[in-house]
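Listing of protein_10.cif, mmCIF, N, CA and C atoms
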data_work
loop_
_atom_site.label_atom_id
_atom_site.label_comp_id
_atom_site.auth_asym_id
_atom_site.auth_seq_id
_atom_site.Cartn_x
_atom_site.Cartn_y
_atom_site.Cartn_z
N HIS J 1 1.14 18.78 5.81
CA HIS J 1 1.82 17.71 5.10
C HIS J 1 1.50 17.76 3.61
N GLY J 2 0.25 17.58 3.22
CA GLY J 2 -0.15 17.66 1.83
C GLY J 2 0.12 16.42 1.01
N HIS J 3 0.65 15.36 1.62
CA HIS J 3 0.96 14.16 0.87
C HIS J 3 -0.28 13.50 0.30
N ARG J 4 -1.36 13.54 1.05
CA ARG J 4 -2.61 12.91 0.57
C ARG J 4 -3.10 13.60 -0.70
N GLU J 5 -3.00 14.91 -0.74
CA GLU J 5 -3.43 15.65 -1.92
C GLU J 5 -2.58 15.29 -3.14
N VAL J 6 -1.28 15.12 -2.93
CA VAL J 6 -0.39 14.73 -4.03
C VAL J 6 -0.75 13.35 -4.53
N VAL J 7 -0.99 12.42 -3.62
CA VAL J 7 -1.38 11.06 -4.01
C VAL J 7 -2.70 11.08 -4.77
N ASP J 8 -3.68 11.81 -4.24
CA ASP J 8 -4.97 11.91 -4.93
C ASP J 8 -4.81 12.46 -6.34
N TYR J 9 -3.97 13.48 -6.49
CA TYR J 9 -3.73 14.08 -7.80
C TYR J 9 -3.09 13.07 -8.76
N LEU J 10 -2.03 12.40 -8.30
CA LEU J 10 -1.35 11.44 -9.16
C LEU J 10 -2.28 10.29 -9.57
N LEU J 11 -3.07 9.80 -8.62
CA LEU J 11 -4.01 8.73 -8.95
C LEU J 11 -5.06 9.21 -9.95
N SER J 12 -5.52 10.45 -9.79
CA SER J 12 -6.54 10.98 -10.71
C SER J 12 -5.99 11.13 -12.13
N LYS J 13 -4.67 11.28 -12.25
CA LYS J 13 -4.03 11.40 -13.56
C LYS J 13 -3.60 10.05 -14.13
N GLY J 14 -3.93 8.98 -13.40
CA GLY J 14 -3.64 7.64 -13.89
C GLY J 14 -2.25 7.13 -13.57
N TYR J 15 -1.55 7.78 -12.63
CA TYR J 15 -0.22 7.31 -12.25
C TYR J 15 -0.35 5.90 -11.67
N PRO J 16 0.42 4.95 -12.17
CA PRO J 16 0.27 3.56 -11.73
C PRO J 16 0.85 3.30 -10.34
N ALA J 17 0.03 2.84 -9.44
CA ALA J 17 0.47 2.51 -8.08
C ALA J 17 1.28 1.23 -8.06
N ASP J 18 1.30 0.51 -9.19
CA ASP J 18 2.06 -0.75 -9.24
C ASP J 18 3.34 -0.65 -10.06
N GLN J 19 3.75 0.58 -10.39
CA GLN J 19 5.01 0.80 -11.11
C GLN J 19 6.17 0.47 -10.17
N LEU J 20 7.05 -0.42 -10.58
CA LEU J 20 8.17 -0.84 -9.73
C LEU J 20 9.43 -0.06 -10.09
N ASP J 21 10.22 0.23 -9.05
CA ASP J 21 11.53 0.83 -9.29
C ASP J 21 12.56 -0.28 -9.49
N GLY J 22 13.81 0.07 -9.59
CA GLY J 22 14.86 -0.90 -9.85
C GLY J 22 15.05 -1.93 -8.75
N GLU J 23 14.52 -1.64 -7.56
CA GLU J 23 14.65 -2.57 -6.44
C GLU J 23 13.34 -3.31 -6.15
N GLY J 24 12.36 -3.19 -7.06
CA GLY J 24 11.11 -3.92 -6.91
C GLY J 24 10.13 -3.26 -5.95
N ARG J 25 10.33 -1.98 -5.67
CA ARG J 25 9.43 -1.26 -4.76
C ARG J 25 8.47 -0.40 -5.56
N SER J 26 7.26 -0.29 -5.09
CA SER J 26 6.23 0.49 -5.78
C SER J 26 5.78 1.66 -4.91
N PRO J 27 5.01 2.58 -5.49
CA PRO J 27 4.43 3.64 -4.66
C PRO J 27 3.59 3.06 -3.52
N LEU J 28 2.95 1.92 -3.76
CA LEU J 28 2.16 1.28 -2.71
C LEU J 28 3.07 0.86 -1.56
N TYR J 29 4.23 0.31 -1.87
CA TYR J 29 5.21 -0.07 -0.84
C TYR J 29 5.60 1.16 -0.02
N PHE J 30 5.92 2.25 -0.71
CA PHE J 30 6.34 3.46 0.01
C PHE J 30 5.21 4.03 0.87
N ALA J 31 3.98 3.87 0.41
CA ALA J 31 2.85 4.27 1.25
C ALA J 31 2.80 3.43 2.52
N GLY J 32 3.11 2.15 2.39
CA GLY J 32 3.11 1.26 3.54
C GLY J 32 4.18 1.60 4.55
N VAL J 33 5.39 1.87 4.07
CA VAL J 33 6.48 2.17 5.01
C VAL J 33 6.40 3.58 5.56
N SER J 34 5.58 4.42 4.94
CA SER J 34 5.43 5.80 5.44
C SER J 34 4.68 5.84 6.76
N GLY J 35 3.85 4.82 7.00
CA GLY J 35 3.05 4.81 8.21
C GLY J 35 1.76 5.60 8.08
N ASP J 36 1.49 6.15 6.90
CA ASP J 36 0.28 6.96 6.70
C ASP J 36 -0.84 6.06 6.18
N THR J 37 -1.73 5.68 7.07
CA THR J 37 -2.81 4.75 6.70
C THR J 37 -3.77 5.36 5.68
N THR J 38 -3.96 6.69 5.70
CA THR J 38 -4.88 7.30 4.73
C THR J 38 -4.34 7.21 3.31
N ILE J 39 -3.02 7.31 3.16
CA ILE J 39 -2.43 7.19 1.82
C ILE J 39 -2.52 5.74 1.35
N TRP J 40 -2.23 4.78 2.23
CA TRP J 40 -2.36 3.36 1.86
C TRP J 40 -3.77 3.08 1.37
N ARG J 41 -4.76 3.51 2.13
CA ARG J 41 -6.15 3.28 1.74
C ARG J 41 -6.50 3.96 0.42
N ALA J 42 -6.01 5.19 0.23
CA ALA J 42 -6.29 5.92 -1.01
C ALA J 42 -5.72 5.19 -2.23
N MET J 43 -4.55 4.61 -2.07
CA MET J 43 -3.94 3.91 -3.19
C MET J 43 -4.66 2.61 -3.51
N LEU J 44 -5.35 2.03 -2.53
CA LEU J 44 -6.11 0.80 -2.79
C LEU J 44 -7.52 1.09 -3.30
N ARG J 45 -7.98 2.32 -3.12
CA ARG J 45 -9.36 2.67 -3.46
C ARG J 45 -9.74 2.39 -4.91
N PRO J 46 -8.89 2.68 -5.90
CA PRO J 46 -9.32 2.39 -7.28
C PRO J 46 -9.57 0.91 -7.55
N ARG J 47 -9.04 0.02 -6.71
CA ARG J 47 -9.25 -1.43 -6.81
C ARG J 47 -8.84 -2.00 -8.17
N LYS J 48 -7.79 -1.45 -8.74
CA LYS J 48 -7.31 -1.95 -10.03
C LYS J 48 -6.05 -2.80 -9.87
N LEU J 49 -5.60 -2.99 -8.65
CA LEU J 49 -4.37 -3.73 -8.41
C LEU J 49 -4.68 -5.21 -8.16
N GLU J 50 -3.81 -6.05 -8.67
CA GLU J 50 -3.95 -7.49 -8.44
C GLU J 50 -3.77 -7.79 -6.96
N PRO J 51 -4.64 -8.61 -6.37
CA PRO J 51 -4.50 -8.95 -4.95
C PRO J 51 -3.12 -9.51 -4.59
N SER J 52 -2.53 -10.32 -5.48
CA SER J 52 -1.22 -10.89 -5.17
C SER J 52 -0.15 -9.79 -5.11
N PHE J 53 -0.26 -8.78 -5.98
CA PHE J 53 0.68 -7.66 -5.95
C PHE J 53 0.52 -6.87 -4.65
N VAL J 54 -0.71 -6.58 -4.28
CA VAL J 54 -0.98 -5.83 -3.05
C VAL J 54 -0.43 -6.59 -1.85
N ARG J 55 -0.67 -7.89 -1.82
CA ARG J 55 -0.18 -8.72 -0.71
C ARG J 55 1.35 -8.67 -0.61
N LYS J 56 2.04 -8.81 -1.75
CA LYS J 56 3.51 -8.77 -1.75
C LYS J 56 4.04 -7.43 -1.26
N GLN J 57 3.41 -6.35 -1.69
CA GLN J 57 3.85 -5.02 -1.27
C GLN J 57 3.59 -4.80 0.22
N ALA J 58 2.46 -5.31 0.71
CA ALA J 58 2.14 -5.18 2.14
C ALA J 58 3.13 -5.97 2.98
N ILE J 59 3.48 -7.17 2.54
CA ILE J 59 4.44 -7.99 3.27
C ILE J 59 5.81 -7.31 3.28
N ALA J 60 6.22 -6.77 2.15
CA ALA J 60 7.51 -6.07 2.08
C ALA J 60 7.52 -4.86 3.00
N ALA J 61 6.42 -4.13 3.05
CA ALA J 61 6.34 -2.96 3.94
C ALA J 61 6.38 -3.39 5.40
N MET J 62 5.69 -4.48 5.73
CA MET J 62 5.72 -4.97 7.11
C MET J 62 7.13 -5.38 7.51
N ALA J 63 7.86 -5.99 6.59
CA ALA J 63 9.23 -6.41 6.88
C ALA J 63 10.13 -5.21 7.14
N LYS J 64 9.84 -4.09 6.48
CA LYS J 64 10.65 -2.88 6.65
C LYS J 64 10.34 -2.18 7.97
N LEU J 65 9.07 -2.22 8.38
CA LEU J 65 8.67 -1.56 9.62
C LEU J 65 9.16 -2.39 10.80
N SER J 66 9.54 -1.72 11.85
CA SER J 66 9.97 -2.43 13.05
C SER J 66 8.85 -2.45 14.08
N ASP J 67 9.07 -3.17 15.16
CA ASP J 67 8.08 -3.23 16.23
C ASP J 67 7.84 -1.87 16.86
N ASP J 68 8.79 -0.97 16.73
CA ASP J 68 8.66 0.36 17.32
C ASP J 68 7.83 1.30 16.46
N ASP J 69 7.56 0.91 15.22
CA ASP J 69 6.81 1.77 14.32
C ASP J 69 5.33 1.74 14.65
N ASP J 70 4.59 2.50 13.91
CA ASP J 70 3.17 2.71 14.11
C ASP J 70 2.38 1.39 14.10
N ALA J 71 1.81 1.04 15.24
CA ALA J 71 1.04 -0.21 15.36
C ALA J 71 -0.20 -0.18 14.46
N GLU J 72 -0.80 0.99 14.26
CA GLU J 72 -1.99 1.09 13.40
C GLU J 72 -1.64 0.71 11.97
N MET J 73 -0.47 1.15 11.48
CA MET J 73 -0.07 0.82 10.12
C MET J 73 0.23 -0.66 10.00
N LEU J 74 0.92 -1.22 10.98
CA LEU J 74 1.20 -2.66 10.94
C LEU J 74 -0.09 -3.48 10.93
N LYS J 75 -1.06 -3.06 11.71
CA LYS J 75 -2.35 -3.76 11.73
C LYS J 75 -3.04 -3.66 10.37
N LEU J 76 -3.01 -2.49 9.76
CA LEU J 76 -3.63 -2.30 8.45
C LEU J 76 -2.94 -3.16 7.39
N LEU J 77 -1.62 -3.20 7.41
CA LEU J 77 -0.88 -4.02 6.45
C LEU J 77 -1.20 -5.50 6.64
N LEU J 78 -1.25 -5.95 7.88
CA LEU J 78 -1.58 -7.35 8.15
C LEU J 78 -3.00 -7.67 7.68
N ASN J 79 -3.93 -6.79 7.94
CA ASN J 79 -5.30 -6.99 7.46
C ASN J 79 -5.34 -7.06 5.94
N THR J 80 -4.54 -6.23 5.28
CA THR J 80 -4.48 -6.26 3.82
C THR J 80 -3.97 -7.61 3.33
N VAL J 81 -2.91 -8.10 3.95
CA VAL J 81 -2.37 -9.41 3.57
C VAL J 81 -3.43 -10.50 3.73
N LEU J 82 -4.11 -10.48 4.86
CA LEU J 82 -5.13 -11.51 5.11
C LEU J 82 -6.29 -11.40 4.14
N LEU J 83 -6.75 -10.19 3.85
CA LEU J 83 -7.87 -10.00 2.93
C LEU J 83 -7.50 -10.39 1.51
N THR J 84 -6.29 -10.05 1.07
CA THR J 84 -5.91 -10.40 -0.29
C THR J 84 -5.69 -11.89 -0.44
N GLN J 85 -5.27 -12.55 0.62
CA GLN J 85 -5.15 -14.01 0.59
C GLN J 85 -6.53 -14.64 0.42
N TRP J 86 -7.51 -14.11 1.14
CA TRP J 86 -8.87 -14.61 1.06
C TRP J 86 -9.46 -14.39 -0.33
N VAL J 87 -9.20 -13.23 -0.92
CA VAL J 87 -9.72 -12.93 -2.26
C VAL J 87 -9.11 -13.87 -3.28
N GLN J 88 -7.84 -14.19 -3.10
CA GLN J 88 -7.11 -15.03 -4.04
C GLN J 88 -7.62 -16.47 -4.05
N GLU J 89 -8.11 -16.96 -2.93
CA GLU J 89 -8.53 -18.36 -2.83
C GLU J 89 -9.90 -18.61 -3.39
#

Can you turn what I pasted into structure tokens?
Amino acid sequence: HGHREVVDYLLSKGYPADQLDGEGRSPLYFAGVSGDTTIWRAMLRPRKLEPSFVRKQAIAAMAKLSDDDDAEMLKLLLNTVLLTQWVQE
């Protein structure tokens, strides 16, 4: 696959994980809908993203995923939403 290596490279060069496209989607959102939990975690590792932004992107990704999709990714996204809510309060 090699996607993790590409993500690591882009993050090391300072590529913003919170850059939005014309439809309000970010690389973090695409990591969420990809179902690849290692990429989602890698994008959160620098910890430079606002918790409210991370929560919104996780919720958007969960809405895109269906019940038939990867349960591990859905669980990770839900945990992210819950943790960022806790950090925000």

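Taking CA of Arg25 (chain J) and atom C of Leu49 (chain J) as endpoints, the distance between them is 15.0 Å.
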
Item to check | Neighbour list for Ala61 (chain J) as a list in words, cut-off 8 Å, all atoms listed in the file, skip fewer than 2 positions in-chain | outcome: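 Counting only the stated atoms, we get Leu28, Tyr29, Phe30, Ala31, Gly32, Val33, Ser34, Arg55, Lys56, Gln57, Ala58, Ile59, Ala63, Lys64, Leu65, Ser66, Leu74 and Leu77 of chain J.
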
Go ahead and write the residues just picked, N, CA and C atoms, as a PDB file, keeping the file's coordinate frame.
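Below is the file that was written, again00.pdb:
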ATOM      1  N   LEU J  28       2.950   1.920  -3.760  1.00  0.00           N
ATOM      2  CA  LEU J  28       2.160   1.280  -2.710  1.00  0.00           C
ATOM      3  C   LEU J  28       3.070   0.860  -1.560  1.00  0.00           C
ATOM      4  N   TYR J  29       4.230   0.310  -1.870  1.00  0.00           N
ATOM      5  CA  TYR J  29       5.210  -0.070  -0.840  1.00  0.00           C
ATOM      6  C   TYR J  29       5.600   1.160  -0.020  1.00  0.00           C
ATOM      7  N   PHE J  30       5.920   2.250  -0.710  1.00  0.00           N
ATOM      8  CA  PHE J  30       6.340   3.460   0.010  1.00  0.00           C
ATOM      9  C   PHE J  30       5.210   4.030   0.870  1.00  0.00           C
ATOM     10  N   ALA J  31       3.980   3.870   0.410  1.00  0.00           N
ATOM     11  CA  ALA J  31       2.850   4.270   1.250  1.00  0.00           C
ATOM     12  C   ALA J  31       2.800   3.430   2.520  1.00  0.00           C
ATOM     13  N   GLY J  32       3.110   2.150   2.390  1.00  0.00           N
ATOM     14  CA  GLY J  32       3.110   1.260   3.540  1.00  0.00           C
ATOM     15  C   GLY J  32       4.180   1.600   4.550  1.00  0.00           C
ATOM     16  N   VAL J  33       5.390   1.870   4.070  1.00  0.00           N
ATOM     17  CA  VAL J  33       6.480   2.170   5.010  1.00  0.00           C
ATOM     18  C   VAL J  33       6.400   3.580   5.560  1.00  0.00           C
ATOM     19  N   SER J  34       5.580   4.420   4.940  1.00  0.00           N
ATOM     20  CA  SER J  34       5.430   5.800   5.440  1.00  0.00           C
ATOM     21  C   SER J  34       4.680   5.840   6.760  1.00  0.00           C
ATOM     22  N   ARG J  55      -0.670  -7.890  -1.820  1.00  0.00           N
ATOM     23  CA  ARG J  55      -0.180  -8.720  -0.710  1.00  0.00           C
ATOM     24  C   ARG J  55       1.350  -8.670  -0.610  1.00  0.00           C
ATOM     25  N   LYS J  56       2.040  -8.810  -1.750  1.00  0.00           N
ATOM     26  CA  LYS J  56       3.510  -8.770  -1.750  1.00  0.00           C
ATOM     27  C   LYS J  56       4.040  -7.430  -1.260  1.00  0.00           C
ATOM     28  N   GLN J  57       3.410  -6.350  -1.690  1.00  0.00           N
ATOM     29  CA  GLN J  57       3.850  -5.020  -1.270  1.00  0.00           C
ATOM     30  C   GLN J  57       3.590  -4.800   0.220  1.00  0.00           C
ATOM     31  N   ALA J  58       2.460  -5.310   0.710  1.00  0.00           N
ATOM     32  CA  ALA J  58       2.140  -5.180   2.140  1.00  0.00           C
ATOM     33  C   ALA J  58       3.130  -5.970   2.980  1.00  0.00           C
ATOM     34  N   ILE J  59       3.480  -7.170   2.540  1.00  0.00           N
ATOM     35  CA  ILE J  59       4.440  -7.990   3.270  1.00  0.00           C
ATOM     36  C   ILE J  59       5.810  -7.310   3.280  1.00  0.00           C
ATOM     37  N   ALA J  63       7.860  -5.990   6.590  1.00  0.00           N
ATOM     38  CA  ALA J  63       9.230  -6.410   6.880  1.00  0.00           C
ATOM     39  C   ALA J  63      10.130  -5.210   7.140  1.00  0.00           C
ATOM     40  N   LYS J  64       9.840  -4.090   6.480  1.00  0.00           N
ATOM     41  CA  LYS J  64      10.650  -2.880   6.650  1.00  0.00           C
ATOM     42  C   LYS J  64      10.340  -2.180   7.970  1.00  0.00           C
ATOM     43  N   LEU J  65       9.070  -2.220   8.380  1.00  0.00           N
ATOM     44  CA  LEU J  65       8.670  -1.560   9.620  1.00  0.00           C
ATOM     45  C   LEU J  65       9.160  -2.390  10.800  1.00  0.00           C
ATOM     46  N   SER J  66       9.540  -1.720  11.850  1.00  0.00           N
ATOM     47  CA  SER J  66       9.970  -2.430  13.050  1.00  0.00           C
ATOM     48  C   SER J  66       8.850  -2.450  14.080  1.00  0.00           C
ATOM     49  N   LEU J  74       0.920  -1.220  10.980  1.00  0.00           N
ATOM     50  CA  LEU J  74       1.200  -2.660  10.940  1.00  0.00           C
ATOM     51  C   LEU J  74      -0.090  -3.480  10.930  1.00  0.00           C
ATOM     52  N   LEU J  77      -1.620  -3.200   7.410  1.00  0.00           N
ATOM     53  CA  LEU J  77      -0.880  -4.020   6.450  1.00  0.00           C
ATOM     54  C   LEU J  77      -1.200  -5.500   6.640  1.00  0.00           C
TER      55      LEU J  77
END

Item to check | alpha helix (DSSP H) call set, DSSP backbone run, region 30-82 of chain J, as a ChimeraX atom specification | outcome: /J:30-34,37-44,51-64,71-82

Would you put the residues from that selection into a file with N, CA and C atoms, as a compact mmCIF listing (two decimals), in the frame of the given file?
# COMPACT_ATOMS: atom_id res chain seq x y z
N PHE J 30 5.92 2.25 -0.71
CA PHE J 30 6.34 3.46 0.01
C PHE J 30 5.21 4.03 0.87
N ALA J 31 3.98 3.87 0.41
CA ALA J 31 2.85 4.27 1.25
C ALA J 31 2.80 3.43 2.52
N GLY J 32 3.11 2.15 2.39
CA GLY J 32 3.11 1.26 3.54
C GLY J 32 4.18 1.60 4.55
N VAL J 33 5.39 1.87 4.07
CA VAL J 33 6.48 2.17 5.01
C VAL J 33 6.40 3.58 5.56
N SER J 34 5.58 4.42 4.94
CA SER J 34 5.43 5.80 5.44
C SER J 34 4.68 5.84 6.76
N THR J 37 -1.73 5.68 7.07
CA THR J 37 -2.81 4.75 6.70
C THR J 37 -3.77 5.36 5.68
N THR J 38 -3.96 6.69 5.70
CA THR J 38 -4.88 7.30 4.73
C THR J 38 -4.34 7.21 3.31
N ILE J 39 -3.02 7.31 3.16
CA ILE J 39 -2.43 7.19 1.82
C ILE J 39 -2.52 5.74 1.35
N TRP J 40 -2.23 4.78 2.23
CA TRP J 40 -2.36 3.36 1.86
C TRP J 40 -3.77 3.08 1.37
N ARG J 41 -4.76 3.51 2.13
CA ARG J 41 -6.15 3.28 1.74
C ARG J 41 -6.50 3.96 0.42
N ALA J 42 -6.01 5.19 0.23
CA ALA J 42 -6.29 5.92 -1.01
C ALA J 42 -5.72 5.19 -2.23
N MET J 43 -4.55 4.61 -2.07
CA MET J 43 -3.94 3.91 -3.19
C MET J 43 -4.66 2.61 -3.51
N LEU J 44 -5.35 2.03 -2.53
CA LEU J 44 -6.11 0.80 -2.79
C LEU J 44 -7.52 1.09 -3.30
N PRO J 51 -4.64 -8.61 -6.37
CA PRO J 51 -4.50 -8.95 -4.95
C PRO J 51 -3.12 -9.51 -4.59
N SER J 52 -2.53 -10.32 -5.48
CA SER J 52 -1.22 -10.89 -5.17
C SER J 52 -0.15 -9.79 -5.11
N PHE J 53 -0.26 -8.78 -5.98
CA PHE J 53 0.68 -7.66 -5.95
C PHE J 53 0.52 -6.87 -4.65
N VAL J 54 -0.71 -6.58 -4.28
CA VAL J 54 -0.98 -5.83 -3.05
C VAL J 54 -0.43 -6.59 -1.85
N ARG J 55 -0.67 -7.89 -1.82
CA ARG J 55 -0.18 -8.72 -0.71
C ARG J 55 1.35 -8.67 -0.61
N LYS J 56 2.04 -8.81 -1.75
CA LYS J 56 3.51 -8.77 -1.75
C LYS J 56 4.04 -7.43 -1.26
N GLN J 57 3.41 -6.35 -1.69
CA GLN J 57 3.85 -5.02 -1.27
C GLN J 57 3.59 -4.80 0.22
N ALA J 58 2.46 -5.31 0.71
CA ALA J 58 2.14 -5.18 2.14
C ALA J 58 3.13 -5.97 2.98
N ILE J 59 3.48 -7.17 2.54
CA ILE J 59 4.44 -7.99 3.27
C ILE J 59 5.81 -7.31 3.28
N ALA J 60 6.22 -6.77 2.15
CA ALA J 60 7.51 -6.07 2.08
C ALA J 60 7.52 -4.86 3.00
N ALA J 61 6.42 -4.13 3.05
CA ALA J 61 6.34 -2.96 3.94
C ALA J 61 6.38 -3.39 5.40
N MET J 62 5.69 -4.48 5.73
CA MET J 62 5.72 -4.97 7.11
C MET J 62 7.13 -5.38 7.51
N ALA J 63 7.86 -5.99 6.59
CA ALA J 63 9.23 -6.41 6.88
C ALA J 63 10.13 -5.21 7.14
N LYS J 64 9.84 -4.09 6.48
CA LYS J 64 10.65 -2.88 6.65
C LYS J 64 10.34 -2.18 7.97
N ALA J 71 1.81 1.04 15.24
CA ALA J 71 1.04 -0.21 15.36
C ALA J 71 -0.20 -0.18 14.46
N GLU J 72 -0.80 0.99 14.26
CA GLU J 72 -1.99 1.09 13.40
C GLU J 72 -1.64 0.71 11.97
N MET J 73 -0.47 1.15 11.48
CA MET J 73 -0.07 0.82 10.12
C MET J 73 0.23 -0.66 10.00
N LEU J 74 0.92 -1.22 10.98
CA LEU J 74 1.20 -2.66 10.94
C LEU J 74 -0.09 -3.48 10.93
N LYS J 75 -1.06 -3.06 11.71
CA LYS J 75 -2.35 -3.76 11.73
C LYS J 75 -3.04 -3.66 10.37
N LEU J 76 -3.01 -2.49 9.76
CA LEU J 76 -3.63 -2.30 8.45
C LEU J 76 -2.94 -3.16 7.39
N LEU J 77 -1.62 -3.20 7.41
CA LEU J 77 -0.88 -4.02 6.45
C LEU J 77 -1.20 -5.50 6.64
N LEU J 78 -1.25 -5.95 7.88
CA LEU J 78 -1.58 -7.35 8.15
C LEU J 78 -3.00 -7.67 7.68
N ASN J 79 -3.93 -6.79 7.94
CA ASN J 79 -5.30 -6.99 7.46
C ASN J 79 -5.34 -7.06 5.94
N THR J 80 -4.54 -6.23 5.28
CA THR J 80 -4.48 -6.26 3.82
C THR J 80 -3.97 -7.61 3.33
N VAL J 81 -2.91 -8.10 3.95
CA VAL J 81 -2.37 -9.41 3.57
C VAL J 81 -3.43 -10.50 3.73
N LEU J 82 -4.11 -10.48 4.86
CA LEU J 82 -5.13 -11.51 5.11
C LEU J 82 -6.29 -11.40 4.14

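What separates atom C of Thr37 (chain J) from CA of Thr84 (chain J) is a distance of 17.0 Å.
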
Checklist entry - How would you write, as a ChimeraX atom specification, the residues chosen by the PyMOL selection byres (((chain J and resi 3-9 and name CA) around 10) and name CA) on this structure? => result /J:1-2,10-15,17,27,31,36,38-40,42-43

Limited to N, CA and C atoms, could you put the picked residues into a file as an mmCIF file, in the coordinates of the input?
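Result file out_22.cif:
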data_model
loop_
_atom_site.group_PDB
_atom_site.id
_atom_site.type_symbol
_atom_site.label_atom_id
_atom_site.label_comp_id
_atom_site.auth_asym_id
_atom_site.auth_seq_id
_atom_site.Cartn_x
_atom_site.Cartn_y
_atom_site.Cartn_z
ATOM 1 N N HIS J 1 1.140 18.780 5.810
ATOM 2 C CA HIS J 1 1.820 17.710 5.100
ATOM 3 C C HIS J 1 1.500 17.760 3.610
ATOM 4 N N GLY J 2 0.250 17.580 3.220
ATOM 5 C CA GLY J 2 -0.150 17.660 1.830
ATOM 6 C C GLY J 2 0.120 16.420 1.010
ATOM 7 N N LEU J 10 -2.030 12.400 -8.300
ATOM 8 C CA LEU J 10 -1.350 11.440 -9.160
ATOM 9 C C LEU J 10 -2.280 10.290 -9.570
ATOM 10 N N LEU J 11 -3.070 9.800 -8.620
ATOM 11 C CA LEU J 11 -4.010 8.730 -8.950
ATOM 12 C C LEU J 11 -5.060 9.210 -9.950
ATOM 13 N N SER J 12 -5.520 10.450 -9.790
ATOM 14 C CA SER J 12 -6.540 10.980 -10.710
ATOM 15 C C SER J 12 -5.990 11.130 -12.130
ATOM 16 N N LYS J 13 -4.670 11.280 -12.250
ATOM 17 C CA LYS J 13 -4.030 11.400 -13.560
ATOM 18 C C LYS J 13 -3.600 10.050 -14.130
ATOM 19 N N GLY J 14 -3.930 8.980 -13.400
ATOM 20 C CA GLY J 14 -3.640 7.640 -13.890
ATOM 21 C C GLY J 14 -2.250 7.130 -13.570
ATOM 22 N N TYR J 15 -1.550 7.780 -12.630
ATOM 23 C CA TYR J 15 -0.220 7.310 -12.250
ATOM 24 C C TYR J 15 -0.350 5.900 -11.670
ATOM 25 N N ALA J 17 0.030 2.840 -9.440
ATOM 26 C CA ALA J 17 0.470 2.510 -8.080
ATOM 27 C C ALA J 17 1.280 1.230 -8.060
ATOM 28 N N PRO J 27 5.010 2.580 -5.490
ATOM 29 C CA PRO J 27 4.430 3.640 -4.660
ATOM 30 C C PRO J 27 3.590 3.060 -3.520
ATOM 31 N N ALA J 31 3.980 3.870 0.410
ATOM 32 C CA ALA J 31 2.850 4.270 1.250
ATOM 33 C C ALA J 31 2.800 3.430 2.520
ATOM 34 N N ASP J 36 1.490 6.150 6.900
ATOM 35 C CA ASP J 36 0.280 6.960 6.700
ATOM 36 C C ASP J 36 -0.840 6.060 6.180
ATOM 37 N N THR J 38 -3.960 6.690 5.700
ATOM 38 C CA THR J 38 -4.880 7.300 4.730
ATOM 39 C C THR J 38 -4.340 7.210 3.310
ATOM 40 N N ILE J 39 -3.020 7.310 3.160
ATOM 41 C CA ILE J 39 -2.430 7.190 1.820
ATOM 42 C C ILE J 39 -2.520 5.740 1.350
ATOM 43 N N TRP J 40 -2.230 4.780 2.230
ATOM 44 C CA TRP J 40 -2.360 3.360 1.860
ATOM 45 C C TRP J 40 -3.770 3.080 1.370
ATOM 46 N N ALA J 42 -6.010 5.190 0.230
ATOM 47 C CA ALA J 42 -6.290 5.920 -1.010
ATOM 48 C C ALA J 42 -5.720 5.190 -2.230
ATOM 49 N N MET J 43 -4.550 4.610 -2.070
ATOM 50 C CA MET J 43 -3.940 3.910 -3.190
ATOM 51 C C MET J 43 -4.660 2.610 -3.510
#

Item to check | Atomic distance atom N of Ala71 (chain J) - CA of Val54 (chain J), expressed in Å with one decimal | outcome: 19.7 Å

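Closest approach to Gly35 (chain J) from the set J:Ala60, J:Leu82, J:Leu20, J:Met73 is made by J:Met73, with distances taken over only N, CA and C atoms.
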